[in-house]
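Text of the file my_file_0.pdb, holding PDB, C-alpha atoms, pLDDT in the B column:
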```pdb
MODEL        1
ATOM      1  CA  MET A   1      16.534  -6.657   0.567  1.00 44.00           C
ATOM      2  CA  GLU A   2      18.750  -4.049  -0.994  1.00 48.00           C
ATOM      3  CA  LYS A   3      18.640  -0.342  -0.444  1.00 50.00           C
ATOM      4  CA  ARG A   4      19.971   2.165  -2.940  1.00 52.00           C
ATOM      5  CA  ARG A   5      21.786   5.277  -1.808  1.00 55.00           C
ATOM      6  CA  GLY A   6      22.010   8.402  -3.903  1.00 62.00           C
ATOM      7  CA  GLN A   7      19.764   9.199  -6.863  1.00 68.00           C
ATOM      8  CA  VAL A   8      17.305  10.822  -4.481  1.00 72.00           C
ATOM      9  CA  GLY A   9      15.519  12.724  -7.249  1.00 77.00           C
ATOM     10  CA  TYR A  10      14.962   9.608  -9.334  1.00 80.00           C
ATOM     11  CA  ARG A  11      13.888   7.562  -6.330  1.00 81.00           C
ATOM     12  CA  PHE A  12      11.474  10.256  -5.198  1.00 86.00           C
ATOM     13  CA  LEU A  13       9.890  10.178  -8.650  1.00 88.00           C
ATOM     14  CA  VAL A  14       9.554   6.381  -8.419  1.00 86.00           C
ATOM     15  CA  PHE A  15       8.065   6.805  -4.944  1.00 89.00           C
ATOM     16  CA  ILE A  16       5.392   9.258  -6.143  1.00 91.00           C
ATOM     17  CA  ILE A  17       4.550   7.130  -9.186  1.00 92.00           C
ATOM     18  CA  GLY A  18       4.080   4.094  -6.951  1.00 91.00           C
ATOM     19  CA  LEU A  19       1.775   6.009  -4.595  1.00 92.00           C
ATOM     20  CA  LEU A  20      -0.285   7.360  -7.494  1.00 94.00           C
ATOM     21  CA  ILE A  21      -0.694   3.844  -8.918  1.00 94.00           C
ATOM     22  CA  MET A  22      -1.589   2.296  -5.570  1.00 91.00           C
ATOM     23  CA  SER A  23      -4.070   5.083  -4.756  1.00 92.00           C
ATOM     24  CA  LEU A  24      -5.772   4.589  -8.109  1.00 94.00           C
ATOM     25  CA  GLY A  25      -6.079   0.892  -7.331  1.00 92.00           C
ATOM     26  CA  ILE A  26      -7.707   1.694  -3.979  1.00 89.00           C
ATOM     27  CA  VAL A  27     -10.260   3.982  -5.620  1.00 91.00           C
ATOM     28  CA  PHE A  28     -10.970   1.365  -8.303  1.00 92.00           C
ATOM     29  CA  PHE A  29     -11.921  -1.026  -5.517  1.00 88.00           C
ATOM     30  CA  ILE A  30     -14.271   1.504  -3.950  1.00 86.00           C
ATOM     31  CA  LYS A  31     -15.854   2.548  -7.247  1.00 88.00           C
ATOM     32  CA  SER A  32     -16.218  -1.006  -8.585  1.00 87.00           C
ATOM     33  CA  ASN A  33     -18.981  -1.533  -6.012  1.00 86.00           C
ATOM     34  CA  LEU A  34     -17.829  -5.119  -5.557  1.00 88.00           C
ATOM     35  CA  GLY A  35     -16.242  -4.545  -2.184  1.00 81.00           C
ATOM     36  CA  ALA A  36     -13.656  -2.112  -0.844  1.00 81.00           C
ATOM     37  CA  THR A  37     -10.289  -3.201   0.514  1.00 81.00           C
ATOM     38  CA  PRO A  38     -10.307  -4.038   4.238  1.00 83.00           C
ATOM     39  CA  TRP A  39      -8.554  -0.796   5.156  1.00 84.00           C
ATOM     40  CA  ASP A  40     -11.040   1.178   3.100  1.00 85.00           C
ATOM     41  CA  VAL A  41     -13.955  -0.742   4.583  1.00 88.00           C
ATOM     42  CA  LEU A  42     -12.610   0.681   7.844  1.00 90.00           C
ATOM     43  CA  HIS A  43     -12.104   4.181   6.419  1.00 89.00           C
ATOM     44  CA  VAL A  44     -15.558   4.249   4.828  1.00 87.00           C
ATOM     45  CA  GLY A  45     -17.102   2.873   8.021  1.00 88.00           C
ATOM     46  CA  LEU A  46     -15.469   5.674  10.017  1.00 91.00           C
ATOM     47  CA  PHE A  47     -16.663   8.145   7.365  1.00 88.00           C
ATOM     48  CA  TYR A  48     -20.231   6.879   7.778  1.00 86.00           C
ATOM     49  CA  ARG A  49     -20.057   7.090  11.566  1.00 85.00           C
ATOM     50  CA  LEU A  50     -18.009  10.246  12.136  1.00 88.00           C
ATOM     51  CA  GLY A  51     -17.877  12.256   8.913  1.00 81.00           C
ATOM     52  CA  LEU A  52     -14.705  13.784   7.376  1.00 87.00           C
ATOM     53  CA  SER A  53     -13.513  12.285   4.062  1.00 88.00           C
ATOM     54  CA  ILE A  54     -12.269   8.799   3.240  1.00 87.00           C
ATOM     55  CA  GLY A  55      -8.823  10.234   2.541  1.00 89.00           C
ATOM     56  CA  SER A  56      -8.825  12.049   5.882  1.00 91.00           C
ATOM     57  CA  TRP A  57      -9.518   8.801   7.727  1.00 90.00           C
ATOM     58  CA  SER A  58      -6.752   7.142   5.740  1.00 88.00           C
ATOM     59  CA  ILE A  59      -4.353   9.751   7.115  1.00 91.00           C
ATOM     60  CA  ILE A  60      -5.658   9.532  10.695  1.00 91.00           C
ATOM     61  CA  MET A  61      -5.449   5.733  10.770  1.00 89.00           C
ATOM     62  CA  GLY A  62      -2.039   5.983   9.140  1.00 86.00           C
ATOM     63  CA  ILE A  63      -0.771   7.978  12.115  1.00 88.00           C
ATOM     64  CA  LEU A  64      -1.956   5.281  14.535  1.00 87.00           C
ATOM     65  CA  VAL A  65      -0.555   2.417  12.463  1.00 84.00           C
ATOM     66  CA  LEU A  66       2.786   4.155  11.867  1.00 84.00           C
ATOM     67  CA  THR A  67       3.178   4.678  15.605  1.00 84.00           C
ATOM     68  CA  THR A  68       2.516   0.969  16.196  1.00 83.00           C
ATOM     69  CA  ALA A  69       5.048  -0.039  13.527  1.00 80.00           C
ATOM     70  CA  ALA A  70       7.671   2.269  15.066  1.00 80.00           C
ATOM     71  CA  LEU A  71       7.143   0.698  18.494  1.00 83.00           C
ATOM     72  CA  ILE A  72       7.520  -2.828  17.062  1.00 81.00           C
ATOM     73  CA  SER A  73      10.621  -2.068  15.011  1.00 74.00           C
ATOM     74  CA  LYS A  74      12.037   0.376  17.603  1.00 76.00           C
ATOM     75  CA  GLU A  75      13.022   2.678  14.772  1.00 75.00           C
ATOM     76  CA  ILE A  76      12.070   6.205  13.806  1.00 77.00           C
ATOM     77  CA  PRO A  77      10.045   6.032  10.558  1.00 73.00           C
ATOM     78  CA  HIS A  78      11.650   7.355   7.386  1.00 72.00           C
ATOM     79  CA  ILE A  79      10.370  10.588   5.876  1.00 77.00           C
ATOM     80  CA  GLY A  80       8.817   8.483   3.123  1.00 75.00           C
ATOM     81  CA  ALA A  81       6.454   6.937   5.655  1.00 79.00           C
ATOM     82  CA  PHE A  82       5.105  10.346   6.625  1.00 84.00           C
ATOM     83  CA  LEU A  83       4.830  11.413   2.983  1.00 86.00           C
ATOM     84  CA  ASN A  84       3.013   8.167   2.203  1.00 83.00           C
ATOM     85  CA  MET A  85       0.585   8.729   5.072  1.00 84.00           C
ATOM     86  CA  ILE A  86      -0.375  12.177   3.778  1.00 89.00           C
ATOM     87  CA  LEU A  87      -0.176  11.668   0.019  1.00 90.00           C
ATOM     88  CA  ILE A  88      -2.240   8.465  -0.112  1.00 89.00           C
ATOM     89  CA  GLY A  89      -5.114  10.248   1.636  1.00 90.00           C
ATOM     90  CA  VAL A  90      -4.805  13.256  -0.672  1.00 93.00           C
ATOM     91  CA  PHE A  91      -4.593  11.098  -3.813  1.00 93.00           C
ATOM     92  CA  ILE A  92      -7.631   9.019  -2.778  1.00 91.00           C
ATOM     93  CA  ASP A  93      -9.783  12.113  -2.302  1.00 91.00           C
ATOM     94  CA  PHE A  94      -8.454  13.537  -5.583  1.00 93.00           C
ATOM     95  CA  TYR A  95      -9.320  10.437  -7.613  1.00 93.00           C
ATOM     96  CA  ILE A  96     -12.759  10.101  -5.998  1.00 90.00           C
ATOM     97  CA  ALA A  97     -13.530  13.742  -6.877  1.00 91.00           C
ATOM     98  CA  LEU A  98     -12.822  13.217 -10.585  1.00 91.00           C
ATOM     99  CA  PRO A  99     -16.153  13.521 -12.488  1.00 89.00           C
ATOM    100  CA  PHE A 100     -15.436  10.517 -14.701  1.00 89.00           C
ATOM    101  CA  MET A 101     -14.496   8.219 -11.808  1.00 90.00           C
ATOM    102  CA  LYS A 102     -17.809   6.368 -11.694  1.00 89.00           C
ATOM    103  CA  THR A 103     -19.024   2.829 -11.105  1.00 90.00           C
ATOM    104  CA  PRO A 104     -19.428   0.958 -14.433  1.00 90.00           C
ATOM    105  CA  ASP A 105     -23.001   0.073 -15.382  1.00 89.00           C
ATOM    106  CA  SER A 106     -22.306  -3.565 -16.244  1.00 91.00           C
ATOM    107  CA  PHE A 107     -21.100  -6.312 -13.939  1.00 92.00           C
ATOM    108  CA  PHE A 108     -18.225  -7.137 -16.285  1.00 93.00           C
ATOM    109  CA  GLY A 109     -17.144  -3.497 -16.232  1.00 92.00           C
ATOM    110  CA  GLN A 110     -17.207  -3.550 -12.449  1.00 92.00           C
ATOM    111  CA  LEU A 111     -15.262  -6.805 -12.415  1.00 93.00           C
ATOM    112  CA  ALA A 112     -12.661  -5.348 -14.786  1.00 93.00           C
ATOM    113  CA  MET A 113     -12.291  -2.287 -12.546  1.00 93.00           C
ATOM    114  CA  PHE A 114     -11.972  -4.489  -9.466  1.00 93.00           C
ATOM    115  CA  THR A 115      -9.339  -6.698 -11.115  1.00 91.00           C
ATOM    116  CA  ALA A 116      -7.378  -3.653 -12.264  1.00 93.00           C
ATOM    117  CA  GLY A 117      -7.561  -2.331  -8.722  1.00 91.00           C
ATOM    118  CA  MET A 118      -6.039  -5.549  -7.388  1.00 90.00           C
ATOM    119  CA  ILE A 119      -3.104  -5.400  -9.781  1.00 91.00           C
ATOM    120  CA  LEU A 120      -2.541  -1.662  -9.390  1.00 93.00           C
ATOM    121  CA  SER A 121      -2.586  -1.905  -5.590  1.00 89.00           C
ATOM    122  CA  ALA A 122      -0.022  -4.714  -5.401  1.00 89.00           C
ATOM    123  CA  TYR A 123       2.376  -3.354  -8.001  1.00 91.00           C
ATOM    124  CA  GLY A 124       1.950   0.269  -6.911  1.00 91.00           C
ATOM    125  CA  MET A 125       3.001  -0.867  -3.448  1.00 86.00           C
ATOM    126  CA  GLY A 126       5.960  -2.764  -4.860  1.00 86.00           C
ATOM    127  CA  ILE A 127       7.094   0.251  -6.897  1.00 89.00           C
ATOM    128  CA  TYR A 128       7.006   2.800  -4.092  1.00 85.00           C
ATOM    129  CA  ILE A 129       8.680   0.420  -1.611  1.00 83.00           C
ATOM    130  CA  SER A 130      11.407  -0.214  -4.193  1.00 81.00           C
ATOM    131  CA  ALA A 131      12.295   3.492  -4.139  1.00 81.00           C
ATOM    132  CA  SER A 132      13.807   2.842  -0.681  1.00 75.00           C
ATOM    133  CA  LEU A 133      12.436   6.059   0.793  1.00 77.00           C
ATOM    134  CA  GLY A 134      10.537   4.250   3.523  1.00 68.00           C
ATOM    135  CA  THR A 135       7.325   2.267   3.521  1.00 67.00           C
ATOM    136  CA  GLY A 136       3.951   3.761   4.384  1.00 69.00           C
ATOM    137  CA  PRO A 137       2.180   3.216   7.711  1.00 77.00           C
ATOM    138  CA  ARG A 138       0.364   0.002   6.780  1.00 76.00           C
ATOM    139  CA  ASP A 139       3.286  -1.460   4.878  1.00 71.00           C
ATOM    140  CA  SER A 140       5.688  -0.343   7.619  1.00 75.00           C
ATOM    141  CA  LEU A 141       3.629  -2.462   9.998  1.00 81.00           C
ATOM    142  CA  MET A 142       3.720  -5.360   7.535  1.00 78.00           C
ATOM    143  CA  MET A 143       7.510  -5.112   7.128  1.00 77.00           C
ATOM    144  CA  ALA A 144       8.063  -4.642  10.883  1.00 79.00           C
ATOM    145  CA  LEU A 145       6.086  -7.792  11.686  1.00 81.00           C
ATOM    146  CA  ASN A 146       7.928  -9.662   8.931  1.00 79.00           C
ATOM    147  CA  ALA A 147      11.306  -8.659  10.387  1.00 78.00           C
ATOM    148  CA  LYS A 148      10.216  -9.287  13.984  1.00 77.00           C
ATOM    149  CA  THR A 149       8.551 -12.663  13.526  1.00 78.00           C
ATOM    150  CA  GLY A 150      10.015 -14.059  10.321  1.00 76.00           C
ATOM    151  CA  TRP A 151       6.506 -14.741   9.050  1.00 76.00           C
ATOM    152  CA  LYS A 152       6.103 -14.582   5.299  1.00 77.00           C
ATOM    153  CA  ILE A 153       4.939 -11.270   3.871  1.00 74.00           C
ATOM    154  CA  LYS A 154       1.885 -12.862   2.265  1.00 71.00           C
ATOM    155  CA  ASN A 155       0.778 -14.286   5.644  1.00 78.00           C
ATOM    156  CA  VAL A 156       1.439 -11.049   7.543  1.00 80.00           C
ATOM    157  CA  LYS A 157      -0.402  -9.023   4.906  1.00 74.00           C
ATOM    158  CA  ALA A 158      -3.386 -11.360   4.869  1.00 75.00           C
ATOM    159  CA  GLY A 159      -3.604 -11.470   8.669  1.00 81.00           C
ATOM    160  CA  ILE A 160      -3.607  -7.683   9.019  1.00 82.00           C
ATOM    161  CA  GLU A 161      -6.215  -7.272   6.287  1.00 77.00           C
ATOM    162  CA  ILE A 162      -8.599  -9.770   7.906  1.00 82.00           C
ATOM    163  CA  ILE A 163      -8.419  -8.093  11.328  1.00 86.00           C
ATOM    164  CA  VAL A 164      -9.017  -4.651   9.827  1.00 85.00           C
ATOM    165  CA  LEU A 165     -11.878  -6.015   7.718  1.00 85.00           C
ATOM    166  CA  ILE A 166     -13.725  -7.305  10.778  1.00 88.00           C
ATOM    167  CA  ILE A 167     -13.419  -3.945  12.544  1.00 89.00           C
ATOM    168  CA  GLY A 168     -14.520  -2.020   9.436  1.00 88.00           C
ATOM    169  CA  TRP A 169     -17.479  -4.325   8.871  1.00 87.00           C
ATOM    170  CA  ARG A 170     -18.626  -3.788  12.449  1.00 88.00           C
ATOM    171  CA  LEU A 171     -18.531  -0.045  11.791  1.00 87.00           C
ATOM    172  CA  GLY A 172     -20.800  -0.447   8.763  1.00 84.00           C
ATOM    173  CA  GLY A 173     -18.194  -0.275   6.020  1.00 83.00           C
ATOM    174  CA  PRO A 174     -19.016  -1.694   2.556  1.00 79.00           C
ATOM    175  CA  VAL A 175     -18.242  -5.424   2.501  1.00 84.00           C
ATOM    176  CA  ASN A 176     -18.964  -7.534  -0.578  1.00 84.00           C
ATOM    177  CA  TRP A 177     -17.637 -10.747  -2.081  1.00 86.00           C
ATOM    178  CA  GLY A 178     -14.833  -8.726  -3.688  1.00 84.00           C
ATOM    179  CA  THR A 179     -13.567  -7.774  -0.237  1.00 85.00           C
ATOM    180  CA  ILE A 180     -13.219 -11.437   0.708  1.00 83.00           C
ATOM    181  CA  LEU A 181     -11.512 -12.190  -2.605  1.00 85.00           C
ATOM    182  CA  TYR A 182      -9.098  -9.331  -1.960  1.00 81.00           C
ATOM    183  CA  CYS A 183      -8.161 -10.788   1.438  1.00 75.00           C
ATOM    184  CA  LEU A 184      -7.411 -14.154  -0.171  1.00 79.00           C
ATOM    185  CA  VAL A 185      -5.470 -12.871  -3.181  1.00 84.00           C
ATOM    186  CA  ILE A 186      -3.650  -9.695  -2.107  1.00 77.00           C
ATOM    187  CA  GLY A 187      -1.142 -11.511   0.130  1.00 75.00           C
ATOM    188  CA  PRO A 188       0.207 -13.891  -2.539  1.00 83.00           C
ATOM    189  CA  LEU A 189       0.004 -11.141  -5.188  1.00 87.00           C
ATOM    190  CA  THR A 190       2.004  -8.751  -2.999  1.00 80.00           C
ATOM    191  CA  GLY A 191       4.547 -11.482  -2.326  1.00 82.00           C
ATOM    192  CA  LEU A 192       4.904 -11.895  -6.096  1.00 86.00           C
ATOM    193  CA  ALA A 193       4.960  -8.181  -6.959  1.00 87.00           C
ATOM    194  CA  LEU A 194       7.444  -6.957  -4.352  1.00 85.00           C
ATOM    195  CA  PRO A 195      10.589  -8.805  -5.518  1.00 86.00           C
ATOM    196  CA  GLN A 196       9.682  -8.165  -9.159  1.00 87.00           C
ATOM    197  CA  CYS A 197       9.440  -4.431  -8.517  1.00 86.00           C
ATOM    198  CA  TYR A 198      12.708  -4.406  -6.571  1.00 83.00           C
ATOM    199  CA  SER A 199      14.476  -6.088  -9.478  1.00 84.00           C
ATOM    200  CA  LEU A 200      12.906  -3.769 -12.049  1.00 85.00           C
ATOM    201  CA  ILE A 201      13.567  -0.530 -10.160  1.00 82.00           C
ATOM    202  CA  ASN A 202      17.137  -1.531  -9.297  1.00 79.00           C
ATOM    203  CA  PHE A 203      17.734  -2.352 -12.970  1.00 81.00           C
ATOM    204  CA  VAL A 204      16.310   0.990 -14.121  1.00 81.00           C
ATOM    205  CA  LEU A 205      18.169   3.052 -11.516  1.00 77.00           C
ATOM    206  CA  ALA A 206      21.423   1.280 -12.354  1.00 79.00           C
ATOM    207  CA  LYS A 207      21.096   2.630 -15.890  1.00 76.00           C
ATOM    208  CA  LEU A 208      20.598   6.219 -14.710  1.00 73.00           C
ATOM    209  CA  PRO A 209      23.359   8.669 -13.699  1.00 68.00           C
ATOM    210  CA  ASN A 210      24.567   8.218 -10.147  1.00 64.00           C
ATOM    211  CA  LYS A 211      27.781   9.584  -8.689  1.00 52.00           C
ATOM    212  CA  LYS A 212      28.191   6.753  -6.220  1.00 51.00           C
ATOM    213  CA  ASN A 213      26.201   4.122  -8.106  1.00 44.00           C
ATOM    214  CA  LEU A 214      26.326   1.893  -5.070  1.00 41.00           C
ATOM    215  CA  LEU A 215      23.917  -0.707  -3.782  1.00 42.00           C
ATOM    216  CA  VAL A 216      24.222  -1.440  -0.087  1.00 39.00           C
ATOM    217  CA  THR A 217      22.590  -4.005   2.096  1.00 38.00           C
ATOM    218  CA  ASP A 218      19.809  -2.497   4.184  1.00 43.00           C
ATOM    219  CA  GLU A 219      21.119  -2.430   7.736  1.00 42.00           C
ATOM    220  CA  ASN A 220      17.568  -2.821   8.986  1.00 42.00           C
ATOM    221  CA  SER A 221      17.050  -6.123   7.171  1.00 40.00           C
ATOM    222  CA  LYS A 222      18.375  -9.430   8.373  1.00 42.00           C
ATOM    223  CA  GLY A 223      18.764 -11.549   5.286  1.00 43.00           C
ATOM    224  CA  ASP A 224      16.229 -11.762   2.513  1.00 46.00           C
ATOM    225  CA  VAL A 225      12.608 -10.936   3.179  1.00 42.00           C
ATOM    226  CA  SER A 226      10.460 -14.040   3.104  1.00 42.00           C
ATOM    227  CA  ILE A 227       7.766 -13.966   0.460  1.00 43.00           C
TER     228      ILE A 227
ENDMDL
END
```
Written form, structure tokens:
Amino acid sequence: MEKRRGQVGYRFLVFIIGLLIMSLGIVFFIKSNLGATPWDVLHVGLFYRLGLSIGSWSIIMGILVLTTAALISKEIPHIGAFLNMILIGVFIDFYIALPFMKTPDSFFGQLAMFTAGMILSAYGMGIYISASLGTGPRDSLMMALNAKTGWKIKNVKAGIEIIVLIIGWRLGGPVNWGTILYCLVIGPLTGLALPQCYSLINFVLAKLPNKKNLLVTDENSKGDVSI
């Protein structure tokens, strides 16, 4: 992968936009009533059992996952990882609180919301990762396992989601056929979205003012990431 230096203001804006898009996708899954994402099955299950908000559990689990990713990669997480951990939880609770964020009455409306959630989640992730300000807790774990094992991103992503889904289901989280579909599709879709977003964001940033205007190889990456 490539990592851009400089243009911090622009990259921070890209980072926030990506998180907003991905958070909206997460809430679309929850509100579609066709099955939450595996992580949110876990968060909702914890909410049912222990209280707090779904966003709060997203932050708490993010702390645990980020610590695990740091131990695997033997690196101190970037500031973006901590921002991701907090902002995703805040954005989720914000979107859920919106009065018009409701489950559609018709099945086709629910299906449209679910499908939009799938696309928004994958490409929102690709956009914020492309800002090169650090991946979030869950994606840090995905990238750490990719770098450590050489497994393809789509396989790492799918494996993590399935394990989390089982735990969340045991806690009573909302599992539906859409959850299973998500587990099958999100890996390949993420593998498709990530390089596309890197190319797009690098192209856009290259057109914007930058004193150094330099692309450097990420010292933490060994060759291209397998997708």
Using only C-alpha atoms, find each residue in region 37-131 of chain A having at least one atom no more than 8 Å away from region 10-27 of chain A; report its shortest atom-to-atom pair and that distance in Å (one decimal), rows by chain then rising number, as CSV.
```
residue,atom,partner,partner_atom,distance
A:Thr37,CA,A:Ile26,CA,7.1
A:Asp40,CA,A:Ile26,CA,7.8
A:Asn84,CA,A:Leu19,CA,7.2
A:Leu87,CA,A:Leu19,CA,7.6
A:Ile88,CA,A:Ser23,CA,6.0
A:Phe91,CA,A:Ser23,CA,6.1
A:Ile92,CA,A:Ser23,CA,5.7
A:Tyr95,CA,A:Val27,CA,6.8
A:Ile96,CA,A:Val27,CA,6.6
A:Ala116,CA,A:Gly25,CA,6.8
A:Gly117,CA,A:Gly25,CA,3.8
A:Met118,CA,A:Gly25,CA,6.4
A:Ile119,CA,A:Gly25,CA,7.4
A:Leu120,CA,A:Gly25,CA,4.8
A:Ser121,CA,A:Met22,CA,4.3
A:Ala122,CA,A:Met22,CA,7.2
A:Tyr123,CA,A:Met22,CA,7.3
A:Gly124,CA,A:Met22,CA,4.3
A:Met125,CA,A:Met22,CA,6.0
A:Gly126,CA,A:Gly18,CA,7.4
A:Ile127,CA,A:Gly18,CA,4.9
A:Tyr128,CA,A:Phe15,CA,4.2
A:Ile129,CA,A:Phe15,CA,7.2
A:Ser130,CA,A:Phe15,CA,7.8
A:Ala131,CA,A:Arg11,CA,4.9
```
Query raised in the report: Which residue, A:Leu208, A:Ala112, A:Ile180, A:Met142, has the smallest gap to Phe28 (chain A) when you use all atoms listed in the file?
Result: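 Comparing A:Leu208, A:Ala112, A:Ile180, A:Met142 against Phe28 (chain A), the winner is A:Ala112.
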Query raised in the report: Between A:Ile63, A:Leu145, A:Met113, A:Val41, which one has atoms that come closest to Arg170 (chain A), using all atoms listed in the file?
Result: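 Among the listed residues, A:Val41 lies closest to Arg170 (chain A).
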Requested in this report: For Gly35 (chain A), list every protein, DNA or RNA residue within 8 Å, evaluated using only C-alpha atoms, and leave out those in the same chain fewer than 2 positions away; present the list as a list in words.
Outcome: Phe29, Ile30, Ser32, Asn33, Thr37, Pro174, Val175, Asn176, Trp177, Gly178 and Thr179 of chain A
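Here CA of Ala70 (chain A) stands at a distance of 27.5 Å from CA of Gly173 (chain A).
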Query - Long-range neighbours of Thr190 (chain A) as a count of residues only, 7 Å cut-off, all atoms listed in the file, 4 positions minimum in chain - result: 4
Query raised in the report: Do you have the CA of Asp93 (chain A)-CA of Pro77 (chain A) distance handy?
Result: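 These two atoms are separated by 24.4 Å.
The gap separating CA of Ser73 (chain A) from CA of Lys152 (chain A) is 16.5 Å, in Å to one decimal.
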**Report entry** All residues 9 Å or closer to Arg138 (chain A), only C-alpha atoms, same chain fewer than 2 positions away omitted, as an MDAnalysis selection string
**Finding:** chainID A and resid 62 65:66 69 85 135:136 140:143 160
Written as an mmCIF file with C-alpha atoms, keeping the file's coordinate frame, what is the full residue list that the PyMOL selection byres ((chain A and resi 54) around 6) yields on the file shown?
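Output saved as out.cif:
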```
data_model
loop_
_atom_site.group_PDB
_atom_site.id
_atom_site.type_symbol
_atom_site.label_atom_id
_atom_site.label_comp_id
_atom_site.auth_asym_id
_atom_site.auth_seq_id
_atom_site.Cartn_x
_atom_site.Cartn_y
_atom_site.Cartn_z
ATOM 1 C CA HIS A 43 -12.104 4.181 6.419
ATOM 2 C CA VAL A 44 -15.558 4.249 4.828
ATOM 3 C CA SER A 53 -13.513 12.285 4.062
ATOM 4 C CA GLY A 55 -8.823 10.234 2.541
ATOM 5 C CA SER A 56 -8.825 12.049 5.882
ATOM 6 C CA TRP A 57 -9.518 8.801 7.727
#
```
Could the centre and edge lengths of an axis-aligned box, enclosing all atoms of region 50-60 of chain A in the file with 8 Å extra on each side, be given in Å to one decimal as AutoDock Vina command-line options?
```
--center_x -11.2 --center_y 10.5 --center_z 7.3 --size_x 29.7 --size_y 22.6 --size_z 25.6
```
Report task. Considering all atoms listed in the file, state which residue in the set A:Lys207, A:Leu46, A:Phe114, A:Lys31 is at the smallest distance from Gly168 (chain A). Result ->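 The closest residue to Gly168 (chain A) is A:Leu46.
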Requested in this report: Kindly indicate which residue among A:Leu34, A:Gly191, A:Leu205, A:Leu71 lies nearest to Phe108 (chain A), using all atoms listed in the file for the distances.
Outcome: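 For Phe108 (chain A), the nearest of the candidates is A:Leu34.
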**Report entry** From A:Ile60, A:Leu133, A:Ile162, A:Leu184, residue lying nearest Ile79 (chain A) [all atoms listed in the file]
**Finding:** A:Leu133
Requested in this report: Identify which of the residues A:Thr68, A:Ser58, A:Asn155, A:Ser106 lies closest to Cys183 (chain A), counting all atoms listed in the file when measuring atom-to-atom distances.
Outcome: A:Asn155
Starting from the incomplete input, reconstruct N, CA and C atoms of region 179-192 of chain A and report them as a PDB file, in the frame of the given file.
```pdb
ATOM      1  N   THR A 179     -14.396  -8.026  -1.409  1.00 85.00           N
ATOM      2  CA  THR A 179     -13.567  -7.774  -0.237  1.00 85.00           C
ATOM      3  C   THR A 179     -12.930  -9.074   0.249  1.00 85.00           C
ATOM      4  N   ILE A 180     -13.736 -10.133   0.287  1.00 83.00           N
ATOM      5  CA  ILE A 180     -13.219 -11.437   0.708  1.00 83.00           C
ATOM      6  C   ILE A 180     -12.177 -11.947  -0.284  1.00 83.00           C
ATOM      7  N   LEU A 181     -12.461 -11.769  -1.580  1.00 85.00           N
ATOM      8  CA  LEU A 181     -11.512 -12.190  -2.605  1.00 85.00           C
ATOM      9  C   LEU A 181     -10.197 -11.434  -2.456  1.00 85.00           C
ATOM     10  N   TYR A 182     -10.299 -10.145  -2.171  1.00 81.00           N
ATOM     11  CA  TYR A 182      -9.098  -9.331  -1.960  1.00 81.00           C
ATOM     12  C   TYR A 182      -8.246  -9.903  -0.831  1.00 81.00           C
ATOM     13  N   CYS A 183      -8.892 -10.244   0.285  1.00 75.00           N
ATOM     14  CA  CYS A 183      -8.161 -10.788   1.438  1.00 75.00           C
ATOM     15  C   CYS A 183      -7.419 -12.076   1.082  1.00 75.00           C
ATOM     16  N   LEU A 184      -8.020 -12.875   0.201  1.00 79.00           N
ATOM     17  CA  LEU A 184      -7.411 -14.154  -0.171  1.00 79.00           C
ATOM     18  C   LEU A 184      -6.284 -13.997  -1.185  1.00 79.00           C
ATOM     19  N   VAL A 185      -6.395 -12.991  -2.046  1.00 84.00           N
ATOM     20  CA  VAL A 185      -5.470 -12.871  -3.181  1.00 84.00           C
ATOM     21  C   VAL A 185      -4.354 -11.860  -2.950  1.00 84.00           C
ATOM     22  N   ILE A 186      -4.622 -10.782  -2.195  1.00 77.00           N
ATOM     23  CA  ILE A 186      -3.650  -9.695  -2.107  1.00 77.00           C
ATOM     24  C   ILE A 186      -2.339 -10.125  -1.463  1.00 77.00           C
ATOM     25  N   GLY A 187      -2.372 -11.050  -0.507  1.00 75.00           N
ATOM     26  CA  GLY A 187      -1.142 -11.511   0.130  1.00 75.00           C
ATOM     27  C   GLY A 187      -0.195 -12.176  -0.860  1.00 75.00           C
ATOM     28  N   PRO A 188      -0.651 -13.251  -1.541  1.00 83.00           N
ATOM     29  CA  PRO A 188       0.207 -13.891  -2.539  1.00 83.00           C
ATOM     30  C   PRO A 188       0.614 -12.945  -3.667  1.00 83.00           C
ATOM     31  N   LEU A 189      -0.313 -12.059  -4.098  1.00 87.00           N
ATOM     32  CA  LEU A 189       0.004 -11.141  -5.188  1.00 87.00           C
ATOM     33  C   LEU A 189       1.073 -10.135  -4.762  1.00 87.00           C
ATOM     34  N   THR A 190       0.987  -9.661  -3.518  1.00 80.00           N
ATOM     35  CA  THR A 190       2.004  -8.751  -2.999  1.00 80.00           C
ATOM     36  C   THR A 190       3.350  -9.458  -2.879  1.00 80.00           C
ATOM     37  N   GLY A 191       3.320 -10.710  -2.416  1.00 82.00           N
ATOM     38  CA  GLY A 191       4.547 -11.482  -2.326  1.00 82.00           C
ATOM     39  C   GLY A 191       5.195 -11.700  -3.676  1.00 82.00           C
ATOM     40  N   LEU A 192       4.389 -11.755  -4.733  1.00 86.00           N
ATOM     41  CA  LEU A 192       4.904 -11.895  -6.096  1.00 86.00           C
ATOM     42  C   LEU A 192       5.405 -10.558  -6.636  1.00 86.00           C
TER      43      LEU A 192
END
```
